[in-house]
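For reference, input.pdb (PDB, C-alpha atoms):
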MODEL        1
ATOM      1  CA  MET A   1      59.170   4.997 146.923
ATOM      2  CA  SER A   2      60.387   1.473 147.511
ATOM      3  CA  TYR A   3      63.924   0.917 148.789
ATOM      4  CA  LEU A   4      64.020  -2.531 147.166
ATOM      5  CA  THR A   5      65.948  -3.270 143.993
ATOM      6  CA  ASP A   6      64.139  -4.150 140.779
ATOM      7  CA  ASP A   7      65.374  -7.740 141.116
ATOM      8  CA  GLN A   8      64.003  -7.994 144.650
ATOM      9  CA  ILE A   9      60.652  -6.616 143.541
ATOM     10  CA  LYS A  10      60.521  -9.100 140.645
ATOM     11  CA  HIS A  11      61.371 -11.897 143.071
ATOM     12  CA  PHE A  12      58.598 -10.919 145.489
ATOM     13  CA  HIS A  13      56.139 -10.392 142.628
ATOM     14  CA  ALA A  14      56.790 -13.943 141.430
ATOM     15  CA  LYS A  15      56.380 -15.328 144.979
ATOM     16  CA  LEU A  16      53.108 -13.447 145.430
ATOM     17  CA  GLN A  17      51.744 -14.638 142.082
ATOM     18  CA  ALA A  18      52.708 -18.256 142.818
ATOM     19  CA  HIS A  19      51.104 -18.132 146.273
ATOM     20  CA  ARG A  20      47.982 -16.516 144.805
ATOM     21  CA  LYS A  21      47.708 -19.284 142.206
ATOM     22  CA  GLN A  22      48.122 -21.973 144.879
ATOM     23  CA  LEU A  23      45.516 -20.386 147.158
ATOM     24  CA  LEU A  24      42.994 -20.162 144.321
ATOM     25  CA  ALA A  25      43.550 -23.845 143.531
ATOM     26  CA  ASP A  26      43.246 -24.815 147.210
ATOM     27  CA  ILE A  27      40.028 -22.849 147.680
ATOM     28  CA  SER A  28      38.547 -24.290 144.510
ATOM     29  CA  HIS A  29      39.469 -27.804 145.626
ATOM     30  CA  GLN A  30      37.943 -27.290 149.085
ATOM     31  CA  LEU A  31      34.735 -25.867 147.655
ATOM     32  CA  ASN A  32      34.453 -28.761 145.222
ATOM     33  CA  ASP A  33      35.052 -31.231 148.047
ATOM     34  CA  SER A  34      32.338 -29.601 150.149
ATOM     35  CA  ASN A  35      29.867 -30.472 147.406
ATOM     36  CA  ASN A  36      31.264 -33.963 147.038
ATOM     37  CA  ASP A  37      28.797 -36.832 147.424
ATOM     38  CA  GLN A  38      31.065 -38.444 150.027
ATOM     39  CA  HIS A  39      30.541 -35.459 152.322
ATOM     40  CA  VAL A  40      26.781 -35.709 151.829
ATOM     41  CA  ASP A  41      26.872 -39.451 152.581
ATOM     42  CA  LEU A  42      28.957 -38.826 155.687
ATOM     43  CA  ALA A  43      26.478 -36.230 156.902
ATOM     44  CA  ARG A  44      23.621 -38.712 156.426
ATOM     45  CA  GLN A  45      25.446 -41.246 158.581
ATOM     46  CA  VAL A  46      25.492 -38.955 161.608
ATOM     47  CA  HIS A  47      23.242 -40.586 164.174
ATOM     48  CA  ASP A  48      23.955 -39.139 167.581
ATOM     49  CA  ARG A  49      24.623 -35.745 169.101
ATOM     50  CA  GLY A  50      28.350 -36.401 169.523
ATOM     51  CA  GLU A  51      28.778 -37.299 165.870
ATOM     52  CA  GLU A  52      26.583 -34.347 164.926
ATOM     53  CA  ALA A  53      28.820 -32.012 166.940
ATOM     54  CA  ILE A  54      31.915 -33.412 165.233
ATOM     55  CA  ALA A  55      30.321 -32.924 161.817
ATOM     56  CA  ASP A  56      29.373 -29.333 162.736
ATOM     57  CA  SER A  57      32.891 -28.656 164.014
ATOM     58  CA  MET A  58      34.424 -29.998 160.805
ATOM     59  CA  GLU A  59      32.176 -27.745 158.738
ATOM     60  CA  LYS A  60      33.088 -24.692 160.865
ATOM     61  CA  VAL A  61      36.809 -25.483 160.589
ATOM     62  CA  ASN A  62      36.521 -25.765 156.803
ATOM     63  CA  LEU A  63      34.741 -22.404 156.631
ATOM     64  CA  GLU A  64      37.386 -20.771 158.838
ATOM     65  CA  VAL A  65      40.173 -22.181 156.657
ATOM     66  CA  ILE A  66      38.506 -20.757 153.550
ATOM     67  CA  LYS A  67      37.985 -17.392 155.289
ATOM     68  CA  HIS A  68      41.667 -17.323 156.192
ATOM     69  CA  GLN A  69      42.652 -18.177 152.626
ATOM     70  CA  LEU A  70      40.385 -15.444 151.261
ATOM     71  CA  GLN A  71      42.059 -12.937 153.597
ATOM     72  CA  GLU A  72      45.437 -14.115 152.315
ATOM     73  CA  LEU A  73      44.224 -13.496 148.752
ATOM     74  CA  LYS A  74      43.155  -9.990 149.735
ATOM     75  CA  ASP A  75      46.558  -9.345 151.323
ATOM     76  CA  ILE A  76      48.325 -10.626 148.214
ATOM     77  CA  GLY A  77      46.180  -8.368 146.057
ATOM     78  CA  GLN A  78      47.129  -5.386 148.193
ATOM     79  CA  ALA A  79      50.828  -6.308 147.995
ATOM     80  CA  LEU A  80      50.629  -6.642 144.203
ATOM     81  CA  ASN A  81      48.908  -3.263 144.065
ATOM     82  CA  ASN A  82      51.732  -1.829 146.175
ATOM     83  CA  ILE A  83      54.220  -3.194 143.643
ATOM     84  CA  ASP A  84      52.276  -1.495 140.840
ATOM     85  CA  ASN A  85      52.205   1.862 142.627
ATOM     86  CA  GLY A  86      55.833   1.745 143.805
ATOM     87  CA  ARG A  87      55.068   1.325 147.515
ATOM     88  CA  TYR A  88      55.963  -2.331 147.960
ATOM     89  CA  GLY A  89      58.170  -2.868 150.992
ATOM     90  CA  THR A  90      57.049   0.379 152.609
ATOM     91  CA  CYS A  91      55.047   0.200 155.844
ATOM     92  CA  GLU A  92      51.442   1.284 155.397
ATOM     93  CA  ASP A  93      51.399   3.017 158.780
ATOM     94  CA  CYS A  94      54.784   4.715 159.293
ATOM     95  CA  ASP A  95      56.088   4.836 155.688
ATOM     96  CA  GLY A  96      59.320   3.212 156.874
ATOM     97  CA  PRO A  97      60.923   0.216 155.161
ATOM     98  CA  ILE A  98      59.710  -3.310 155.875
ATOM     99  CA  ALA A  99      62.708  -5.570 156.536
ATOM    100  CA  VAL A 100      63.618  -7.831 153.624
ATOM    101  CA  GLU A 101      63.687 -10.765 156.055
ATOM    102  CA  ARG A 102      60.060 -10.032 156.942
ATOM    103  CA  LEU A 103      59.113  -9.843 153.269
ATOM    104  CA  ASN A 104      60.908 -13.131 152.627
ATOM    105  CA  ALA A 105      58.891 -14.759 155.408
ATOM    106  CA  ASN A 106      55.626 -13.312 154.093
ATOM    107  CA  PRO A 107      55.756 -11.251 150.889
ATOM    108  CA  ALA A 108      52.190 -10.004 151.475
ATOM    109  CA  VAL A 109      52.949  -8.068 154.681
ATOM    110  CA  ILE A 110      52.084  -4.379 154.590
ATOM    111  CA  ARG A 111      53.479  -3.222 157.943
ATOM    112  CA  CYS A 112      56.859  -3.258 159.646
ATOM    113  CA  VAL A 113      57.167  -5.378 162.797
ATOM    114  CA  GLU A 114      56.613  -2.460 165.161
ATOM    115  CA  CYS A 115      53.512  -1.141 163.404
ATOM    116  CA  GLN A 116      52.102  -4.658 163.038
ATOM    117  CA  GLY A 117      52.438  -5.125 166.807
ATOM    118  CA  ASP A 118      50.649  -1.841 167.435
ATOM    119  CA  TRP A 119      47.918  -2.751 164.924
ATOM    120  CA  GLU A 120      47.370  -6.152 166.573
ATOM    121  CA  LYS A 121      46.941  -4.545 169.991
ATOM    122  CA  VAL A 122      44.072  -2.428 168.662
ATOM    123  CA  HIS A 123      42.465  -5.007 166.395
TER     124      HIS A 123
ENDMDL
END

Could you show the structure in this file as structure tokens?
Amino acid sequence: MSYLTDDQIKHFHAKLQAHRKQLLADISHQLNDSNNDQHVDLARQVHDRGEEAIADSMEKVNLEVIKHQLQELKDIGQALNNIDNGRYGTCEDCDGPIAVERLNANPAVIRCVECQGDWEKVH
């Protein structure tokens, strides 16, 4: 059972939905840009190994950014699910409350600070 008020939950729900919408737009934009003719033309202009390495690095960075954004979408989905099932704001590991300040910083968090630190040590 969440310790948050209904108004707080509504507030975080709205923040999560807005962030989800922005991420979807960003990912769509990046994917469209990756198919853009300018990117193809730029790739054709690569003539030496140094420029080739830069082009490869740019492609890898773009893929990593999209991977990170997809993970954020997954986290948002889990947080929205927690709202639906009445567990939002409750740590997934210890069942204790997640500080409101932490939720304000990142409404998609699923662990309290202590459990997140423990999780990061293992993963």

Evaluating the PyMOL selection byres ((chain A and resi 67-70) around 12) on the displayed file yields which residues, as a count of residues only? 26

Excluding stretch 78-83 of chain A and any residue of its chain fewer than 4 positions from it, enumerate the residues within 8 Å of it, using all atoms listed in the file, and give them as a PyMOL selection string. chain A and resi 9+13+16+74+87-88+107-110

Those same residues - C-alpha atoms - I'd like them written as a compact mmCIF listing (two decimals), in the coordinates of the input.
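So the final result, stored in again_15.txt, reads:
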# COMPACT_ATOMS: atom_id res chain seq x y z
CA ILE A 9 60.65 -6.62 143.54
CA HIS A 13 56.14 -10.39 142.63
CA LEU A 16 53.11 -13.45 145.43
CA LYS A 74 43.16 -9.99 149.74
CA ARG A 87 55.07 1.32 147.51
CA TYR A 88 55.96 -2.33 147.96
CA PRO A 107 55.76 -11.25 150.89
CA ALA A 108 52.19 -10.00 151.48
CA VAL A 109 52.95 -8.07 154.68
CA ILE A 110 52.08 -4.38 154.59

So what do you get for atom CA of A:Asp84 versus atom CA of A:His11, distance-wise?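 Going from atom CA of A:Asp84 over to atom CA of A:His11 covers 14.0 Å.
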
Hey, can you check how far atom CA of A:Asp118 sits from atom CA of A:Thr90?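 Going from atom CA of A:Asp118 over to atom CA of A:Thr90 covers 16.3 Å.
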
Need the axis-aligned box for stretch 25-29 of chain A with 8 Å each side, so what are the centre and edges in Å to one decimal, as lines of an AutoDock Vina configuration file?
center_x = 41.0
center_y = -25.3
center_z = 145.6
size_x = 21.0
size_y = 21.0
size_z = 20.1

Using atom CA of A:Ala99 and atom CA of A:Asp7 as the two end points, give the distance in Å to one decimal.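 Atom-to-atom, atom CA of A:Ala99 to atom CA of A:Asp7, that is 15.8 Å.
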
Spatial neighbours of A:Trp119, 12 Å, only C-alpha atoms, chain gap at least 6 places, as a compact mmCIF listing (two decimals) with C-alpha atoms, in the frame of the given file:
# COMPACT_ATOMS: atom_id res chain seq x y z
CA CYS A 91 55.05 0.20 155.84
CA GLU A 92 51.44 1.28 155.40
CA ASP A 93 51.40 3.02 158.78
CA CYS A 94 54.78 4.72 159.29
CA ILE A 110 52.08 -4.38 154.59
CA ARG A 111 53.48 -3.22 157.94
CA CYS A 112 56.86 -3.26 159.65
CA VAL A 113 57.17 -5.38 162.80
